[in-house]
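Notes for the one structure printed next.
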Amino acid sequence: MNVSDSQWLDRSLQTMGLTPSREEDADIFLINTCSVREKPEHKIYSLLGRLQDYARLKPHVFAGVGGCVAQQVGRGFFERFPLVRLVFGTDGLAMVPEALKRLLGDAHLKTSLLDFEDYYPEREDNWNGEVPGQAFVNVMQGCDNYCAYCIVPYTRGRQKSRRSEDILAECRRLISLGTKEITLLGQNVNSYGQDRNGQELSFADLLYEIGGLAGLDRLRFTTSHPKDIDSRVIRAFGEISALCPQLHLPLQSGSDRVLEAMGRRYTREEYLNIVRDLKSACPDIALSTDLIVGFPGETEEDFSQTLDMLNLVGFDSSFSFKYSDRTGVRSCEMQPKIAVEIKAERLARLQKLQNEWTAEKLAQRVGRKEPVLIENSSKKQHGGETVSWTGRDPGGRVVHVTLPPGRDFGRQLLQVEIVRAHKHSLTGEVIK
Ligand code: 5AD
Ligand code: SF4
């Protein structure tokens with residue numbers, strides 16, 4: 001979501017005539033921030049501290065801070081870092097280009113765009129000229145779930161779905177400009193439209209509509225909440241040919257006791273049933289997940305249930321995090337807190353097990369023939385005869401392919417045979 005927000009802002013600013021530059025040459029710094037865990041939040045303070053030096057040398061230089069940390073800290077940034085003249089929350093993004101024009105015209109001005117609106121402030125569809133082969137399309141903002149550990153409902157606000165016809169229009173436009181793959185984005189896409197009294201398409205219908213658009217090769221979506229994924233969406237994996245065999249389905253914990261305390265509203269058995277149905281609709285589906293270790297009260301037994309789930313599901317990959325208290329969320333009050341050393345030790349064990357699964361899952365791909373959507377070249381020349389490119393297979397795995405020089409393979413779908421597996425990616429050869 002943050003990557004997509006940053007890309008939107010980048011396109012808007014380039015349309016205004018601003019250009020990206022190296023840090024030491026920049027007149028304006030724009031920083032998009034994440035506060036979902038402690039670690040990304042800390043990074044922003046050290047970054048701003050460092051950037052402050054540029055403003056000392058060049059007084060016209062200023063910074064804008066956006067995203068979830070800005071939503072929380074707000075005007076506090078103005079006091080701590082004189083360099084900062086703009087703060088904008090996630091819903092304020094649409095107003096940033098106009099605000100920058102005003103700030104460039106008045107060196108004494110400071111602006112904050114932080115208020116939550118009850119409606120979804122539509123961002124102008126700013127796709128023009130060259131579009132990426134792979135594009136993100138927002139279907140909703142915010143989240144109503146209030147999982148005990150999570151700050152998202154407080155920073156991105158309540159769920160706000162976009163209108164189906166606007167989503168479809170954006171997808172059509174992207175396809176007409178050359179996009180091959182669309183990823184639909186939302187904090188909880190499976191409850192899409194529920195905040196609009198059934199006036200919009202259901203998420204399953206939306207998938208069928210977009211999946212049926214001529215010229216679209218690949219469709220993905222993220223993120224799904226296990227409690228909300230319905231049987232029609234599961235069936236869609238077997239029925240919509242453009243829908244890629246890939247799903248990110250955050251589990252968070254394998255212990256029913258911890259899931260209950262987290263307020264996730266599903267059990268491990270329910271999760272396993274979803275996985276069973278997904279695999280029966282789409283046997284080749286690649287599954288990934290998010291996991292938290294060291295939630296307050298998590299015992300060794302609870303944690304071993306999480307490890308057990310890794311073995312029962314066999315995730316292709318997972319993102320795992322040490323629990324951290326976020327200001328104002330329910331789990332701050334929950335006890336006992338787990339010691340940092342225990343969290344670190346559990347995380348290491350979990351990641352070791354996941355690495356074994358990832359290696360096995362990648363090794364199973366060797367010998368497969370798959371369409372790979374080429375994304376970019378990694379400039380590596382091989383004796384002037386070939387260039388190294390990377391793309392993704394339908395399951396979303398990164399595939400490296402060497403191709404002849406002198407041609408742009410970006411956005412092309414190439415038929416590739418997988419020949420080698422690495423730690424986190426694959427190597428393939430183009431089938432002649
Ligand atoms: N501590 C640790 N991890 C968290 N996540 C969300 N909130 C917290 C927290 N307080 C993780 C969840 C979520 C992912 C985006 O970040 O696993 O799915
Ligand atoms: Fe946070 Fe996801 Fe739970 Fe929403 S569903 S509160 S975004 S963890």
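Just so we're on the same page: first chain in the structure tokens is A, next is B, and so on; residues restart at 1 for each chain, and ligands are numbered from 1 in the order they show up.
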
May I have the residues within 6 Å of ligand 1, computed using only C-alpha atoms and all ligand atoms, as an mmCIF file with N, CA and C atoms, in the first residue's frame?
data_model
loop_
_atom_site.group_PDB
_atom_site.id
_atom_site.type_symbol
_atom_site.label_atom_id
_atom_site.label_comp_id
_atom_site.auth_asym_id
_atom_site.auth_seq_id
_atom_site.Cartn_x
_atom_site.Cartn_y
_atom_site.Cartn_z
ATOM 1 N N VAL A 36 3.496 0.463 11.294
ATOM 2 C CA VAL A 36 2.860 -0.787 11.678
ATOM 3 C C VAL A 36 3.681 -1.534 12.727
ATOM 4 N N ARG A 37 5.002 -1.369 12.672
ATOM 5 C CA ARG A 37 5.857 -1.949 13.716
ATOM 6 C C ARG A 37 6.841 -0.892 14.192
ATOM 7 N N TYR A 149 -3.295 -5.990 18.180
ATOM 8 C CA TYR A 149 -1.918 -5.478 18.091
ATOM 9 C C TYR A 149 -1.764 -4.364 17.069
ATOM 10 N N CYS A 150 -2.799 -4.057 16.305
ATOM 11 C CA CYS A 150 -2.580 -3.352 15.041
ATOM 12 C C CYS A 150 -2.990 -1.892 15.064
ATOM 13 N N PRO A 250 -2.563 -13.789 5.821
ATOM 14 C CA PRO A 250 -1.900 -13.651 7.121
ATOM 15 C C PRO A 250 -2.504 -14.556 8.198
ATOM 16 N N GLN A 252 -0.734 -15.004 11.408
ATOM 17 C CA GLN A 252 -0.319 -14.297 12.645
ATOM 18 C C GLN A 252 0.106 -15.235 13.762
ATOM 19 N N ASP A 290 1.832 -13.819 7.067
ATOM 20 C CA ASP A 290 2.486 -12.968 8.064
ATOM 21 C C ASP A 290 2.360 -13.645 9.415
ATOM 22 N N LEU A 291 3.424 -13.580 10.210
ATOM 23 C CA LEU A 291 3.408 -14.202 11.539
ATOM 24 C C LEU A 291 4.020 -13.257 12.559
ATOM 25 N N ILE A 292 3.430 -13.249 13.746
ATOM 26 C CA ILE A 292 3.970 -12.449 14.846
ATOM 27 C C ILE A 292 4.434 -13.415 15.932
ATOM 28 N N PHE A 321 7.582 -11.350 12.333
ATOM 29 C CA PHE A 321 7.951 -10.163 13.097
ATOM 30 C C PHE A 321 7.886 -10.432 14.587
ATOM 31 N N LYS A 322 8.767 -9.738 15.320
ATOM 32 C CA LYS A 322 8.664 -9.740 16.777
ATOM 33 C C LYS A 322 7.553 -8.775 17.157
ATOM 34 N N TYR A 323 6.688 -9.203 18.041
ATOM 35 C CA TYR A 323 5.616 -8.316 18.503
ATOM 36 C C TYR A 323 6.216 -7.044 19.100
ATOM 37 N N SER A 324 5.616 -5.894 18.743
ATOM 38 C CA SER A 324 5.994 -4.653 19.433
ATOM 39 C C SER A 324 4.724 -3.884 19.806
ATOM 40 N N ASP A 325 4.750 -3.260 20.986
ATOM 41 C CA ASP A 325 3.622 -2.437 21.425
ATOM 42 C C ASP A 325 3.494 -1.218 20.520
ATOM 43 N N ARG A 326 2.303 -0.944 20.016
ATOM 44 C CA ARG A 326 2.060 0.291 19.268
ATOM 45 C C ARG A 326 1.110 1.148 20.093
#

task: Give me every alpha helix (DSSP H) residue in range 79-118 of chain A, going by DSSP on the backbone, as a ChimeraX atom specification.
output: /A:79-80,96-105

Selection: 10 Å around Leu251 in chain A, only C-alpha atoms, excl. self and same-chain fewer than 4 positions, as a PDB file with N, CA and C atoms, in the first residue's frame:
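Writing the result to out.pdb gives the following:
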ATOM      1  N   HIS A 225      -8.165 -11.304   4.654  1.00  0.00           N
ATOM      2  CA  HIS A 225      -8.267 -11.739   6.043  1.00  0.00           C
ATOM      3  C   HIS A 225      -8.955 -13.108   6.053  1.00  0.00           C
ATOM      4  N   PRO A 226      -8.373 -14.100   6.727  1.00  0.00           N
ATOM      5  CA  PRO A 226      -8.968 -15.442   6.692  1.00  0.00           C
ATOM      6  C   PRO A 226     -10.439 -15.489   7.127  1.00  0.00           C
ATOM      7  N   SER A 255      -1.713 -20.642  17.306  1.00  0.00           N
ATOM      8  CA  SER A 255      -2.358 -21.050  18.559  1.00  0.00           C
ATOM      9  C   SER A 255      -3.740 -20.416  18.665  1.00  0.00           C
ATOM     10  N   LEU A 259      -4.706 -16.500  18.906  1.00  0.00           N
ATOM     11  CA  LEU A 259      -5.582 -15.918  17.870  1.00  0.00           C
ATOM     12  C   LEU A 259      -6.782 -15.234  18.507  1.00  0.00           C
ATOM     13  N   ARG A 264      -8.522 -12.162  16.152  1.00  0.00           N
ATOM     14  CA  ARG A 264      -8.500 -12.488  14.712  1.00  0.00           C
ATOM     15  C   ARG A 264      -9.795 -13.150  14.251  1.00  0.00           C
ATOM     16  N   TYR A 266     -10.742 -16.310  13.882  1.00  0.00           N
ATOM     17  CA  TYR A 266     -10.752 -17.615  13.224  1.00  0.00           C
ATOM     18  C   TYR A 266      -9.877 -18.545  14.045  1.00  0.00           C
ATOM     19  N   THR A 267     -10.053 -19.843  13.839  1.00  0.00           N
ATOM     20  CA  THR A 267      -9.238 -20.817  14.553  1.00  0.00           C
ATOM     21  C   THR A 267      -8.245 -21.437  13.575  1.00  0.00           C
ATOM     22  N   ARG A 268      -7.275 -22.198  14.123  1.00  0.00           N
ATOM     23  CA  ARG A 268      -6.311 -22.829  13.226  1.00  0.00           C
ATOM     24  C   ARG A 268      -7.019 -23.826  12.315  1.00  0.00           C
ATOM     25  N   TYR A 271      -8.575 -21.994   9.475  1.00  0.00           N
ATOM     26  CA  TYR A 271      -7.521 -21.593   8.535  1.00  0.00           C
ATOM     27  C   TYR A 271      -7.113 -22.784   7.662  1.00  0.00           C
ATOM     28  N   SER A 288       1.552 -17.502   0.955  1.00  0.00           N
ATOM     29  CA  SER A 288       2.480 -16.806   1.847  1.00  0.00           C
ATOM     30  C   SER A 288       1.681 -16.256   3.016  1.00  0.00           C
ATOM     31  N   THR A 289       2.399 -15.846   4.059  1.00  0.00           N
ATOM     32  CA  THR A 289       1.682 -15.413   5.261  1.00  0.00           C
ATOM     33  C   THR A 289       2.496 -14.413   6.072  1.00  0.00           C
ATOM     34  N   ASP A 290       1.832 -13.819   7.067  1.00  0.00           N
ATOM     35  CA  ASP A 290       2.486 -12.968   8.064  1.00  0.00           C
ATOM     36  C   ASP A 290       2.360 -13.645   9.415  1.00  0.00           C
ATOM     37  N   LEU A 291       3.424 -13.580  10.210  1.00  0.00           N
ATOM     38  CA  LEU A 291       3.408 -14.202  11.539  1.00  0.00           C
ATOM     39  C   LEU A 291       4.020 -13.257  12.559  1.00  0.00           C
ATOM     40  N   ILE A 292       3.430 -13.249  13.746  1.00  0.00           N
ATOM     41  CA  ILE A 292       3.970 -12.449  14.846  1.00  0.00           C
ATOM     42  C   ILE A 292       4.434 -13.415  15.932  1.00  0.00           C
ATOM     43  N   THR A 306       2.501 -22.559  16.254  1.00  0.00           N
ATOM     44  CA  THR A 306       2.777 -21.763  15.050  1.00  0.00           C
ATOM     45  C   THR A 306       3.735 -22.527  14.138  1.00  0.00           C
ATOM     46  N   MET A 309       1.924 -25.159  12.328  1.00  0.00           N
ATOM     47  CA  MET A 309       1.140 -24.680  11.178  1.00  0.00           C
ATOM     48  C   MET A 309       2.026 -24.496   9.943  1.00  0.00           C
ATOM     49  N   LEU A 310       3.267 -24.055  10.143  1.00  0.00           N
ATOM     50  CA  LEU A 310       4.183 -23.921   9.006  1.00  0.00           C
ATOM     51  C   LEU A 310       4.325 -25.268   8.300  1.00  0.00           C
ATOM     52  N   SER A 318       7.158 -16.511   4.039  1.00  0.00           N
ATOM     53  CA  SER A 318       6.413 -15.826   5.093  1.00  0.00           C
ATOM     54  C   SER A 318       7.191 -14.618   5.579  1.00  0.00           C
TER      55      SER A 318
END

message: Show me which residues are within 6 Å of ligand 2 counting only C-alpha atoms and all ligand atoms, and format the list as JSON, numbers by chain.
response: {"A": [143, 145, 146, 147, 150, 152, 153, 187, 188]}

Those residues you just picked out, can you put them in a file as a PDB file, in the first residue's frame with N, CA, C and O atoms?
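What ended up in result-v8.pdb:
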ATOM      1  N   CYS A 143      -9.249   0.048   7.598  1.00  0.00           N
ATOM      2  CA  CYS A 143      -9.624  -1.273   8.087  1.00  0.00           C
ATOM      3  C   CYS A 143     -10.498  -1.122   9.326  1.00  0.00           C
ATOM      4  O   CYS A 143     -10.257  -0.254  10.157  1.00  0.00           O
ATOM      5  N   ASN A 145     -11.123  -3.846  11.380  1.00  0.00           N
ATOM      6  CA  ASN A 145     -11.003  -5.072  12.164  1.00  0.00           C
ATOM      7  C   ASN A 145     -10.476  -4.900  13.573  1.00  0.00           C
ATOM      8  O   ASN A 145     -10.779  -5.681  14.455  1.00  0.00           O
ATOM      9  N   TYR A 146      -9.666  -3.896  13.780  1.00  0.00           N
ATOM     10  CA  TYR A 146      -9.110  -3.651  15.119  1.00  0.00           C
ATOM     11  C   TYR A 146      -8.509  -4.900  15.749  1.00  0.00           C
ATOM     12  O   TYR A 146      -8.832  -5.248  16.888  1.00  0.00           O
ATOM     13  N   CYS A 147      -7.656  -5.605  15.042  1.00  0.00           N
ATOM     14  CA  CYS A 147      -6.884  -6.681  15.664  1.00  0.00           C
ATOM     15  C   CYS A 147      -6.127  -6.045  16.838  1.00  0.00           C
ATOM     16  O   CYS A 147      -5.669  -4.895  16.741  1.00  0.00           O
ATOM     17  N   CYS A 150      -2.799  -4.057  16.305  1.00  0.00           N
ATOM     18  CA  CYS A 150      -2.580  -3.352  15.041  1.00  0.00           C
ATOM     19  C   CYS A 150      -2.990  -1.892  15.064  1.00  0.00           C
ATOM     20  O   CYS A 150      -4.062  -1.516  15.537  1.00  0.00           O
ATOM     21  N   VAL A 152      -3.210   0.008  12.262  1.00  0.00           N
ATOM     22  CA  VAL A 152      -3.754   0.450  10.975  1.00  0.00           C
ATOM     23  C   VAL A 152      -5.122   1.155  11.082  1.00  0.00           C
ATOM     24  O   VAL A 152      -5.314   2.225  10.505  1.00  0.00           O
ATOM     25  N   PRO A 153      -6.088   0.607  11.852  1.00  0.00           N
ATOM     26  CA  PRO A 153      -7.375   1.302  11.915  1.00  0.00           C
ATOM     27  C   PRO A 153      -7.259   2.714  12.495  1.00  0.00           C
ATOM     28  O   PRO A 153      -8.119   3.555  12.248  1.00  0.00           O
ATOM     29  N   GLN A 187      -6.432  -3.158   2.702  1.00  0.00           N
ATOM     30  CA  GLN A 187      -6.004  -3.797   3.952  1.00  0.00           C
ATOM     31  C   GLN A 187      -6.746  -5.103   4.156  1.00  0.00           C
ATOM     32  O   GLN A 187      -6.252  -6.022   4.757  1.00  0.00           O
ATOM     33  N   ASN A 188      -7.974  -5.178   3.657  1.00  0.00           N
ATOM     34  CA  ASN A 188      -8.789  -6.378   3.853  1.00  0.00           C
ATOM     35  C   ASN A 188      -9.744  -6.482   2.666  1.00  0.00           C
ATOM     36  O   ASN A 188     -10.926  -6.192   2.784  1.00  0.00           O
TER      37      ASN A 188
END

- prompt: Within 12 Å of Pro394 in chain A, counting only C-alpha atoms, which residues qualify if same-chain residues fewer than 2 places away don't, as a ChimeraX atom specification?
  reply: /A:181,217-220,241-247,284-286,365,368-374,391-392,396-399,413-416

Could the residues in this selection be written to a file with N, CA, C and O atoms, as a tab-separated table (two decimals), in the first residue's frame?
chain	number	residue	atom	x	y	z
A	181	GLU	N	-0.28	-6.81	-15.88
A	181	GLU	CA	-0.61	-7.43	-14.59
A	181	GLU	C	-1.12	-6.36	-13.63
A	181	GLU	O	-0.51	-5.30	-13.48
A	217	ASP	N	-3.29	-10.03	-18.66
A	217	ASP	CA	-2.74	-11.38	-18.53
A	217	ASP	C	-2.80	-11.89	-17.10
A	217	ASP	O	-2.94	-13.09	-16.88
A	218	ARG	N	-2.60	-10.98	-16.14
A	218	ARG	CA	-2.47	-11.44	-14.75
A	218	ARG	C	-3.20	-10.53	-13.79
A	218	ARG	O	-3.11	-9.31	-13.88
A	219	LEU	N	-3.86	-11.18	-12.83
A	219	LEU	CA	-4.55	-10.45	-11.78
A	219	LEU	C	-4.12	-11.04	-10.44
A	219	LEU	O	-4.04	-12.27	-10.29
A	220	ARG	N	-3.79	-10.16	-9.49
A	220	ARG	CA	-3.50	-10.61	-8.12
A	220	ARG	C	-4.24	-9.67	-7.17
A	220	ARG	O	-4.70	-8.61	-7.57
A	241	SER	N	-8.95	-17.42	-15.48
A	241	SER	CA	-7.62	-17.84	-15.95
A	241	SER	C	-6.55	-16.77	-15.66
A	241	SER	O	-5.40	-17.10	-15.45
A	242	ALA	N	-6.95	-15.50	-15.64
A	242	ALA	CA	-5.95	-14.46	-15.38
A	242	ALA	C	-5.56	-14.40	-13.89
A	242	ALA	O	-4.53	-13.82	-13.55
A	243	LEU	N	-6.39	-14.95	-13.03
A	243	LEU	CA	-6.09	-14.86	-11.59
A	243	LEU	C	-4.89	-15.77	-11.25
A	243	LEU	O	-4.95	-16.98	-11.44
A	244	CYS	N	-3.82	-15.16	-10.79
A	244	CYS	CA	-2.57	-15.91	-10.57
A	244	CYS	C	-2.71	-16.88	-9.39
A	244	CYS	O	-3.41	-16.58	-8.42
A	245	PRO	N	-2.03	-18.02	-9.48
A	245	PRO	CA	-2.08	-19.01	-8.39
A	245	PRO	C	-1.21	-18.56	-7.21
A	245	PRO	O	-0.15	-19.11	-6.95
A	246	GLN	N	-1.66	-17.54	-6.53
A	246	GLN	CA	-0.87	-16.98	-5.43
A	246	GLN	C	-1.78	-16.30	-4.44
A	246	GLN	O	-2.69	-15.56	-4.85
A	247	LEU	N	-1.58	-16.53	-3.16
A	247	LEU	CA	-2.38	-15.84	-2.15
A	247	LEU	C	-1.56	-15.57	-0.90
A	247	LEU	O	-0.89	-16.46	-0.38
A	284	ASP	N	-1.79	-25.72	-7.65
A	284	ASP	CA	-0.44	-25.14	-7.73
A	284	ASP	C	-0.31	-23.83	-6.94
A	284	ASP	O	0.69	-23.13	-7.04
A	285	ILE	N	-1.30	-23.51	-6.14
A	285	ILE	CA	-1.31	-22.18	-5.50
A	285	ILE	C	-0.11	-21.98	-4.57
A	285	ILE	O	0.26	-22.88	-3.81
A	286	ALA	N	0.52	-20.82	-4.68
A	286	ALA	CA	1.64	-20.46	-3.79
A	286	ALA	C	1.07	-19.64	-2.64
A	286	ALA	O	0.41	-18.62	-2.86
A	365	ARG	N	10.20	-26.20	-8.21
A	365	ARG	CA	9.86	-25.50	-9.45
A	365	ARG	C	10.79	-25.87	-10.60
A	365	ARG	O	10.48	-25.63	-11.76
A	368	ARG	N	10.01	-26.83	-14.45
A	368	ARG	CA	8.71	-26.32	-14.90
A	368	ARG	C	8.87	-25.35	-16.06
A	368	ARG	O	9.85	-24.63	-16.15
A	369	LYS	N	7.87	-25.31	-16.91
A	369	LYS	CA	7.83	-24.32	-18.00
A	369	LYS	C	6.72	-23.33	-17.67
A	369	LYS	O	5.56	-23.72	-17.51
A	370	GLU	N	7.11	-22.07	-17.52
A	370	GLU	CA	6.17	-21.06	-17.02
A	370	GLU	C	6.29	-19.76	-17.80
A	370	GLU	O	7.39	-19.39	-18.22
A	371	PRO	N	5.17	-19.02	-17.93
A	371	PRO	CA	5.29	-17.66	-18.47
A	371	PRO	C	5.87	-16.73	-17.41
A	371	PRO	O	5.41	-16.75	-16.26
A	372	VAL	N	6.89	-15.96	-17.78
A	372	VAL	CA	7.50	-15.02	-16.83
A	372	VAL	C	7.28	-13.61	-17.35
A	372	VAL	O	7.57	-13.32	-18.52
A	373	LEU	N	6.71	-12.75	-16.52
A	373	LEU	CA	6.52	-11.35	-16.91
A	373	LEU	C	7.78	-10.58	-16.51
A	373	LEU	O	8.09	-10.44	-15.33
A	374	ILE	N	8.49	-10.11	-17.53
A	374	ILE	CA	9.77	-9.45	-17.28
A	374	ILE	C	9.52	-8.05	-16.72
A	374	ILE	O	8.71	-7.29	-17.26
A	391	GLY	N	12.03	-11.19	-13.62
A	391	GLY	CA	10.59	-11.13	-13.78
A	391	GLY	C	9.95	-12.02	-12.73
A	391	GLY	O	10.63	-12.46	-11.80
A	392	ARG	N	8.67	-12.29	-12.90
A	392	ARG	CA	7.98	-13.16	-11.95
A	392	ARG	C	7.19	-14.24	-12.68
A	392	ARG	O	6.64	-14.00	-13.75
A	396	GLY	N	4.32	-15.66	-8.48
A	396	GLY	CA	4.91	-14.46	-7.90
A	396	GLY	C	6.37	-14.63	-7.52
A	396	GLY	O	6.97	-13.74	-6.92
A	397	ARG	N	6.98	-15.78	-7.87
A	397	ARG	CA	8.38	-16.01	-7.53
A	397	ARG	C	9.28	-15.22	-8.48
A	397	ARG	O	8.99	-15.14	-9.68
A	398	VAL	N	10.37	-14.67	-7.95
A	398	VAL	CA	11.31	-13.92	-8.78
A	398	VAL	C	12.11	-14.90	-9.64
A	398	VAL	O	12.65	-15.87	-9.13
A	399	VAL	N	12.16	-14.63	-10.94
A	399	VAL	CA	12.90	-15.49	-11.87
A	399	VAL	C	13.94	-14.63	-12.61
A	399	VAL	O	13.60	-13.59	-13.18
A	413	LEU	N	5.90	-11.00	-21.72
A	413	LEU	CA	5.66	-12.31	-21.11
A	413	LEU	C	6.45	-13.33	-21.92
A	413	LEU	O	6.18	-13.52	-23.10
A	414	LEU	N	7.42	-13.96	-21.29
A	414	LEU	CA	8.25	-14.93	-22.01
A	414	LEU	C	8.03	-16.32	-21.43
A	414	LEU	O	7.91	-16.48	-20.22
A	415	GLN	N	8.02	-17.31	-22.30
A	415	GLN	CA	7.89	-18.69	-21.85
A	415	GLN	C	9.28	-19.17	-21.41
A	415	GLN	O	10.24	-19.10	-22.18
A	416	VAL	N	9.39	-19.62	-20.18
A	416	VAL	CA	10.71	-19.89	-19.59
A	416	VAL	C	10.72	-21.26	-18.94
A	416	VAL	O	9.71	-21.69	-18.37

message: Report as a PyMOL selection string all protein, DNA and RNA residues lying within 6 Å of range 343-345 of chain A, evaluated on only C-alpha atoms, omitting residues in the same chain fewer than 2 positions from it.
response: chain A and resi 294+322+340-341+347-348

query: Leaving out Gly66 in chain A and any residue of its chain fewer than 5 positions from it, which residues lie within 7 Å of it when counting only C-alpha atoms, given as a list in words?
result: Ile31, Asn32, Thr33, Val87, Phe88, Gly89 and Thr90 of chain A

Would you mind exporting the chosen residues as a PDB file, in the first residue's frame, restricted to N, CA, C and O atoms?
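again.pdb, freshly written:
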ATOM      1  N   ILE A  31       9.013  11.953   2.287  1.00  0.00           N
ATOM      2  CA  ILE A  31       9.247  10.689   2.977  1.00  0.00           C
ATOM      3  C   ILE A  31       7.902  10.060   3.311  1.00  0.00           C
ATOM      4  O   ILE A  31       7.062  10.673   3.969  1.00  0.00           O
ATOM      5  N   ASN A  32       7.719   8.853   2.816  1.00  0.00           N
ATOM      6  CA  ASN A  32       6.483   8.139   3.131  1.00  0.00           C
ATOM      7  C   ASN A  32       6.800   7.154   4.253  1.00  0.00           C
ATOM      8  O   ASN A  32       7.787   6.427   4.188  1.00  0.00           O
ATOM      9  N   THR A  33       5.986   7.130   5.275  1.00  0.00           N
ATOM     10  CA  THR A  33       6.356   6.391   6.489  1.00  0.00           C
ATOM     11  C   THR A  33       5.360   5.298   6.838  1.00  0.00           C
ATOM     12  O   THR A  33       4.198   5.348   6.454  1.00  0.00           O
ATOM     13  N   VAL A  87       3.266  17.974   6.514  1.00  0.00           N
ATOM     14  CA  VAL A  87       2.945  16.621   6.985  1.00  0.00           C
ATOM     15  C   VAL A  87       1.605  16.234   6.375  1.00  0.00           C
ATOM     16  O   VAL A  87       0.694  17.056   6.261  1.00  0.00           O
ATOM     17  N   PHE A  88       1.527  14.987   5.934  1.00  0.00           N
ATOM     18  CA  PHE A  88       0.265  14.533   5.322  1.00  0.00           C
ATOM     19  C   PHE A  88      -0.023  13.100   5.708  1.00  0.00           C
ATOM     20  O   PHE A  88       0.836  12.250   5.706  1.00  0.00           O
ATOM     21  N   GLY A  89      -1.264  12.857   6.108  1.00  0.00           N
ATOM     22  CA  GLY A  89      -1.695  11.505   6.438  1.00  0.00           C
ATOM     23  C   GLY A  89      -1.991  10.737   5.166  1.00  0.00           C
ATOM     24  O   GLY A  89      -1.893  11.278   4.055  1.00  0.00           O
ATOM     25  N   THR A  90      -2.344   9.472   5.328  1.00  0.00           N
ATOM     26  CA  THR A  90      -2.557   8.637   4.145  1.00  0.00           C
ATOM     27  C   THR A  90      -3.715   9.156   3.300  1.00  0.00           C
ATOM     28  O   THR A  90      -3.685   9.049   2.081  1.00  0.00           O
TER      29      THR A  90
END

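Reported to one decimal place, the separation of CA of Gly211 in chain A from CA of Ile274 in chain A is 21.9 Å.
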
task: Considering only C-alpha atoms, return as number ranges by chain whatever protein or nucleic-acid residues lie within 9 Å of Ile182 in chain A, sequence-local ones (same chain, fewer than 4 positions apart) excluded.
output: A: 133-137, 171, 174-175, 216-221

query: Which distance in Å separates CA of Gly178 in chain A and CA of Arg407 in chain A, to one decimal?
result: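 If I compute the distance from CA of Gly178 in chain A to CA of Arg407 in chain A, I get 17.5 Å.
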
query: Which of these residues is nearest to Glu24 in chain A, using only C-alpha atoms: A:Val61, A:Ile44, A:Met140, A:Leu113?
result: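 Closest residue, counting only C-alpha atoms: A:Val61.
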
Best match for closeness to Met334 in chain A among A:Ala148, A:Arg162, A:Phe203, A:Ala70, counting only C-alpha atoms: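 Checking each of A:Ala148, A:Arg162, A:Phe203, A:Ala70 against Met334 in chain A, counting only C-alpha atoms, the winner is A:Ala148.
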
statement: Of A:Arg56, A:Trp389, A:Gln412, A:Met95, the one nearest to Glu429 in chain A when counting only C-alpha atoms is A:Trp389
